[in-house]
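The data block below is structure_20.cif; it holds mmCIF, C-alpha atoms and all ligand atoms.
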```cif
data_coords
loop_
_atom_site.label_atom_id
_atom_site.label_comp_id
_atom_site.auth_asym_id
_atom_site.auth_seq_id
_atom_site.Cartn_x
_atom_site.Cartn_y
_atom_site.Cartn_z
CA MET A 12 76.02 121.97 -8.10
CA SER A 13 78.85 119.43 -7.92
CA VAL A 14 82.08 120.68 -6.39
CA ILE A 15 84.00 117.82 -7.99
CA GLU A 16 83.03 116.26 -11.29
CA ILE A 17 85.25 113.51 -12.66
CA SER A 18 84.46 111.69 -15.84
CA GLY A 19 86.23 108.98 -17.79
CA LEU A 20 89.44 109.33 -15.80
CA HIS A 21 92.25 107.07 -17.03
CA LYS A 22 95.80 106.84 -15.74
CA ALA A 23 98.55 104.35 -16.54
CA PHE A 24 102.11 104.03 -15.31
CA GLY A 25 103.89 102.51 -18.29
CA PRO A 26 102.02 99.31 -19.14
CA LEU A 27 100.14 99.32 -15.82
CA GLN A 28 96.58 100.62 -16.21
CA VAL A 29 95.84 102.01 -12.75
CA LEU A 30 92.64 103.99 -13.37
CA ARG A 31 90.35 102.60 -16.05
CA GLY A 32 87.54 105.08 -16.40
CA ILE A 33 86.50 106.64 -13.12
CA ASP A 34 83.33 108.73 -12.92
CA LEU A 35 82.60 110.55 -9.69
CA SER A 36 80.68 113.62 -8.70
CA VAL A 37 80.75 115.12 -5.24
CA GLU A 38 78.18 117.66 -4.11
CA ARG A 39 79.03 120.54 -1.80
CA GLY A 40 79.08 119.32 1.80
CA ASP A 41 79.25 115.65 0.85
CA VAL A 42 81.61 113.20 2.51
CA VAL A 43 82.67 110.42 0.15
CA CYS A 44 84.70 107.54 1.58
CA VAL A 45 86.77 105.49 -0.86
CA ILE A 46 87.56 101.93 0.16
CA GLY A 47 89.26 99.07 -1.66
CA PRO A 48 92.27 96.77 -1.63
CA SER A 49 95.85 97.94 -1.75
CA GLY A 50 96.88 98.75 -5.32
CA SER A 51 93.33 99.41 -6.54
CA GLY A 52 94.17 103.02 -7.50
CA LYS A 53 92.74 104.98 -4.55
CA SER A 54 95.82 107.14 -4.00
CA THR A 55 96.27 107.67 -7.72
CA LEU A 56 92.68 108.90 -7.93
CA LEU A 57 93.27 111.49 -5.18
CA ARG A 58 96.62 112.44 -6.68
CA CYS A 59 94.97 113.06 -10.05
CA VAL A 60 92.33 115.26 -8.39
CA ASN A 61 95.13 117.29 -6.85
CA LEU A 62 97.17 117.21 -10.08
CA LEU A 63 100.06 115.52 -8.37
CA GLU A 64 99.61 113.05 -11.24
CA GLN A 65 98.70 114.04 -14.77
CA PRO A 66 95.68 112.05 -15.99
CA ASP A 67 96.02 110.32 -19.38
CA SER A 68 92.43 111.07 -20.34
CA GLY A 69 89.14 112.15 -18.88
CA THR A 70 88.12 115.41 -17.24
CA ILE A 71 88.26 116.70 -13.68
CA LEU A 72 86.32 119.80 -12.66
CA VAL A 73 86.83 121.34 -9.24
CA GLY A 74 84.56 124.21 -8.29
CA GLY A 75 83.75 124.71 -11.97
CA THR A 76 87.42 124.92 -13.03
CA GLU A 77 88.58 122.22 -15.42
CA LEU A 78 91.89 121.01 -14.00
CA THR A 79 92.53 118.95 -17.09
CA ASP A 80 92.39 122.02 -19.35
CA PRO A 81 95.98 122.53 -20.61
CA ASP A 82 95.63 126.29 -20.09
CA VAL A 83 94.49 126.09 -16.47
CA ASP A 84 96.49 127.89 -13.78
CA ILE A 85 97.40 124.78 -11.80
CA ASP A 86 98.58 126.62 -8.70
CA LEU A 87 95.37 128.62 -8.54
CA ALA A 88 93.22 125.52 -9.11
CA ARG A 89 95.11 123.53 -6.49
CA ARG A 90 94.27 126.10 -3.83
CA LYS A 91 90.70 124.86 -3.86
CA LEU A 92 91.96 121.54 -2.48
CA GLY A 93 93.49 120.65 0.86
CA MET A 94 95.34 117.34 1.02
CA VAL A 95 96.25 115.24 4.03
CA PHE A 96 98.48 112.21 3.50
CA GLN A 97 99.24 109.08 5.47
CA GLY A 98 102.61 110.51 6.51
CA PHE A 99 102.19 113.88 8.14
CA ASN A 100 104.48 115.83 5.80
CA LEU A 101 105.15 118.66 8.23
CA PHE A 102 108.37 120.63 7.85
CA SER A 103 110.45 119.07 10.62
CA HIS A 104 112.67 122.11 11.20
CA LEU A 105 109.77 124.55 11.60
CA SER A 106 107.53 125.15 14.60
CA VAL A 107 103.89 124.13 14.38
CA LEU A 108 102.90 127.77 13.96
CA ASP A 109 105.40 128.34 11.13
CA ASN A 110 104.21 125.13 9.45
CA LEU A 111 100.72 126.64 9.38
CA THR A 112 101.66 130.18 8.34
CA ILE A 113 104.33 129.68 5.68
CA ALA A 114 102.06 128.78 2.75
CA GLN A 115 99.43 131.33 3.83
CA ARG A 116 102.06 134.03 3.57
CA LYS A 117 103.92 132.80 0.50
CA VAL A 118 101.05 131.42 -1.57
CA LEU A 119 98.02 133.42 -0.39
CA ARG A 120 100.12 136.54 0.39
CA ARG A 121 98.43 136.98 3.73
CA SER A 122 99.97 139.38 6.23
CA GLY A 123 101.89 137.84 9.12
CA SER A 124 99.20 138.74 11.62
CA GLU A 125 96.35 137.40 9.52
CA ALA A 126 98.26 134.16 8.91
CA VAL A 127 98.97 133.75 12.63
CA GLU A 128 95.36 134.45 13.55
CA THR A 129 94.10 131.88 11.02
CA ALA A 130 96.68 129.34 12.21
CA ARG A 131 95.73 129.78 15.87
CA ARG A 132 92.04 129.41 15.09
CA ASN A 133 92.66 126.15 13.20
CA LEU A 134 95.03 124.77 15.84
CA ALA A 135 92.33 125.37 18.45
CA LYS A 136 89.82 123.63 16.20
CA VAL A 137 91.96 120.46 16.06
CA GLY A 138 92.73 120.53 19.78
CA LEU A 139 96.30 121.84 19.53
CA ALA A 140 96.01 125.27 21.15
CA GLY A 141 99.19 125.81 23.11
CA LYS A 142 101.38 123.74 20.75
CA GLU A 143 102.29 126.69 18.49
CA SER A 144 105.99 126.70 19.33
CA ALA A 145 106.52 122.93 19.41
CA VAL A 146 108.44 121.31 16.54
CA PRO A 147 106.85 118.22 14.94
CA SER A 148 109.17 115.74 16.69
CA GLN A 149 107.81 116.94 20.04
CA LEU A 150 104.29 115.91 19.04
CA SER A 151 102.70 112.46 18.92
CA GLY A 152 101.77 111.08 15.51
CA GLY A 153 98.14 111.94 16.15
CA GLN A 154 99.03 115.50 17.07
CA GLN A 155 101.21 115.80 13.97
CA GLN A 156 98.37 114.59 11.78
CA ARG A 157 95.97 117.05 13.41
CA ALA A 158 98.53 119.82 12.79
CA ALA A 159 98.67 118.72 9.13
CA ILE A 160 94.87 118.97 8.96
CA ALA A 161 94.99 122.43 10.56
CA ARG A 162 97.63 123.47 8.04
CA ALA A 163 95.46 122.36 5.12
CA LEU A 164 92.42 124.14 6.62
CA SER A 165 94.39 127.35 7.00
CA MET A 166 94.44 127.64 3.20
CA ASN A 167 90.61 127.76 3.16
CA PRO A 168 90.14 124.90 0.70
CA GLU A 169 86.76 124.15 -0.87
CA VAL A 170 87.43 120.42 -0.63
CA MET A 171 89.58 118.32 1.69
CA LEU A 172 91.21 115.15 0.35
CA PHE A 173 92.43 112.58 2.88
CA ASP A 174 94.60 109.61 1.88
CA GLU A 175 94.55 107.02 4.70
CA PRO A 176 95.16 109.74 7.30
CA THR A 177 95.16 107.32 10.24
CA SER A 178 97.01 104.35 8.72
CA ALA A 179 100.42 105.33 10.13
CA LEU A 180 99.11 105.99 13.65
CA ASP A 181 99.26 103.89 16.77
CA PRO A 182 95.73 102.58 17.42
CA GLU A 183 95.17 104.74 20.51
CA LEU A 184 95.83 107.91 18.47
CA VAL A 185 93.42 107.15 15.63
CA GLY A 186 90.28 108.30 17.45
CA ASP A 187 91.39 111.90 17.94
CA VAL A 188 92.17 112.32 14.24
CA LEU A 189 88.89 110.71 13.19
CA GLY A 190 87.13 112.98 15.69
CA VAL A 191 88.55 116.07 14.00
CA MET A 192 87.49 114.74 10.60
CA ARG A 193 84.01 113.99 11.89
CA GLN A 194 83.76 117.54 13.22
CA LEU A 195 84.79 118.93 9.83
CA ALA A 196 82.14 116.79 8.16
CA ASP A 197 79.52 118.06 10.63
CA GLU A 198 80.50 121.62 9.78
CA GLY A 199 79.73 120.93 6.13
CA MET A 200 83.21 120.49 4.67
CA THR A 201 83.26 118.63 1.35
CA MET A 202 85.59 115.67 1.77
CA ILE A 203 86.95 112.68 -0.10
CA VAL A 204 88.45 110.23 2.37
CA VAL A 205 90.41 107.11 1.43
CA THR A 206 90.22 104.98 4.54
CA HIS A 207 90.17 101.51 6.02
CA GLU A 208 88.17 102.76 9.01
CA MET A 209 84.85 101.10 8.20
CA GLN A 210 83.16 102.39 11.33
CA PHE A 211 84.06 105.97 10.39
CA ALA A 212 82.81 105.38 6.84
CA ARG A 213 79.55 103.96 8.18
CA GLU A 214 78.93 106.85 10.52
CA VAL A 215 80.22 109.83 8.55
CA ALA A 216 80.13 109.09 4.81
CA ASP A 217 77.20 110.24 2.70
CA ARG A 218 78.48 107.83 0.08
CA VAL A 219 80.96 104.97 -0.02
CA LEU A 220 82.86 103.98 -3.16
CA PHE A 221 84.43 100.56 -3.46
CA MET A 222 87.32 100.52 -5.93
CA ASP A 223 89.09 97.47 -7.31
CA GLY A 224 91.38 97.16 -10.31
CA GLY A 225 91.09 100.84 -11.21
CA VAL A 226 87.31 100.98 -11.47
CA VAL A 227 84.48 101.88 -9.12
CA VAL A 228 82.90 98.49 -8.55
CA GLU A 229 80.09 99.68 -6.34
CA GLN A 230 78.94 102.90 -4.71
CA GLY A 231 76.07 104.09 -2.60
CA PRO A 232 75.11 104.87 0.99
CA ALA A 233 77.38 103.24 3.57
CA GLU A 234 74.63 101.01 4.93
CA GLN A 235 74.26 99.60 1.43
CA VAL A 236 77.89 99.25 0.26
CA ILE A 237 79.31 98.15 3.62
CA GLY A 238 76.16 96.73 5.18
CA ASP A 239 74.66 94.95 2.20
CA PRO A 240 77.15 94.84 -0.70
CA GLN A 241 75.77 93.70 -4.05
CA GLU A 242 79.04 92.76 -5.76
CA GLU A 243 81.09 89.66 -4.99
CA ARG A 244 84.38 91.63 -5.05
CA THR A 245 83.03 94.04 -2.43
CA ARG A 246 81.91 91.15 -0.23
CA THR A 247 85.33 89.47 -0.50
CA PHE A 248 87.13 92.69 0.43
CA LEU A 249 84.84 93.44 3.37
CA ALA A 250 85.16 89.90 4.68
CA ARG A 251 88.90 90.52 4.94
CA VAL A 252 88.78 93.93 6.64
CA LEU A 253 85.76 93.75 8.89
P1 LIG B 301 96.10 102.26 -3.59
O1 LIG B 301 96.22 103.65 -3.02
O2 LIG B 301 94.67 101.85 -3.83
O3 LIG B 301 96.82 101.25 -2.75
P2 LIG B 301 97.76 103.28 -5.71
O4 LIG B 301 96.95 104.29 -6.42
O5 LIG B 301 98.80 103.78 -4.77
O6 LIG B 301 96.79 102.23 -5.00
O7 LIG B 301 98.53 102.37 -6.74
C1 LIG B 301 97.88 101.65 -7.76
C2 LIG B 301 98.92 100.92 -8.59
O8 LIG B 301 99.71 101.88 -9.28
C3 LIG B 301 99.89 100.09 -7.77
O9 LIG B 301 100.15 98.92 -8.50
C4 LIG B 301 101.12 100.96 -7.69
O10 LIG B 301 102.28 100.19 -7.54
C5 LIG B 301 101.09 101.71 -9.00
N1 LIG B 301 101.71 103.04 -8.92
C6 LIG B 301 101.29 104.07 -8.15
N2 LIG B 301 102.04 105.15 -8.36
C7 LIG B 301 102.98 104.81 -9.28
C8 LIG B 301 104.06 105.50 -9.93
N3 LIG B 301 104.31 106.78 -9.66
N4 LIG B 301 104.79 104.82 -10.82
C9 LIG B 301 104.53 103.52 -11.10
N5 LIG B 301 103.52 102.82 -10.55
C10 LIG B 301 102.76 103.44 -9.64
MG MG B 302 97.06 104.37 -1.31
#
```
Once more with this new file: its structure as structure tokens, please.
Ligand code: ADP
Ligand code: MG
Amino acid sequence: MSVIEISGLHKAFGPLQVLRGIDLSVERGDVVCVIGPSGSGKSTLLRCVNLLEQPDSGTILVGGTELTDPDVDIDLARRKLGMVFQGFNLFSHLSVLDNLTIAQRKVLRRSGSEAVETARRNLAKVGLAGKESAVPSQLSGGQQQRAAIARALSMNPEVMLFDEPTSALDPELVGDVLGVMRQLADEGMTMIVVTHEMQFAREVADRVLFMDGGVVVEQGPAEQVIGDPQEERTRTFLARVL
């Protein structure tokens, strides 16, 4: 069964048609990488899946719940999704541990001890054991992004959405973050990853989607879409980034 089922998704900002009919289904455990030029609608697609943007038309089902149903409990539905952005979006005045426990306690109503235990387990998973009491400014960008991933994981999402999670990082810090994402993929996490890291997409993605102008131009296995693209627009894009 598909964990995410998107059909006919449209979104405009004023006169600007940003998504022009996106269809996408993601099976449990799948890793889908979304590539495409700047302005093609990749972030808007993820933001619609997370209901940070309200779609104009089309349907989005996550774990069988229709997010686009006007009667849906948006907060409940959103809990199925973990989101990691380009910027790390940690609370700068809170320790790493508090960053990971606050939503567990306030949103999931977990006890303090359960929240701390979950946080410590996820910090260890991303290689940040021992950084519990640091504040974000004491961490490198790569460590902050791994803390942001651990925070999202601590909410036990069904699906993780990543929007260019390594684009703001110094090159030498990118590998550690991609390593954590690769590990998550190996463990069977369902993921949609917007990325310019073609090597990561080639090695980790079950499917690659090339978007341009608000439509999915081409999709398929990485070796096909990146290795042997069928569409001229895909070839032009890849020639610029590879
Ligand atoms: P990508 O992530 O592929 O670079 P985006 O989804 O961020 O593309 O943006 C697609 C287009 O939509 C861009 O032209 C962008 O300027 C525009 N856009 C995105 N968000 C908004 C918004 N909130 N209001 C107006 N225009 C927006
Ligand atoms: Mg974007």
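Comparing the minimum interatomic distances between A:Asp181 and each of A:Asp86, A:Ala126, A:Gln156, A:Lys22, counting all atoms listed in the file, we find that A:Gln156 sits nearest.
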Need the shell around A:Asp34: protein/DNA/RNA residues with any atom at most 7 Å away, counting all atoms listed in the file. Skip same-chain ones fewer than 4 positions apart. Format as an mmCIF file with C-alpha atoms, in the coordinates of the input?
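Now in out.cif:
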```
data_model
loop_
_atom_site.group_PDB
_atom_site.id
_atom_site.type_symbol
_atom_site.label_atom_id
_atom_site.label_comp_id
_atom_site.auth_asym_id
_atom_site.auth_seq_id
_atom_site.Cartn_x
_atom_site.Cartn_y
_atom_site.Cartn_z
ATOM 1 C CA ILE A 17 85.250 113.510 -12.660
ATOM 2 C CA SER A 18 84.460 111.690 -15.840
ATOM 3 C CA GLY A 19 86.230 108.980 -17.790
ATOM 4 C CA LEU A 20 89.440 109.330 -15.800
#
```
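For the pair atom CA of A:Glu214 and atom CA of A:Lys91, the interatomic distance is 25.9 Å.
Using only C-alpha atoms, the protein and nucleic acid residues lying no more than 7 Å from A:Gln115, apart from those fewer than 5 places from it along its own chain, are Arg120, Arg121, Ala126 and Met166 of chain A.
Coordinates place atom CA of A:Phe24 at a distance of 6.8 Å from atom O8 of ligand LIG 301 (chain B).
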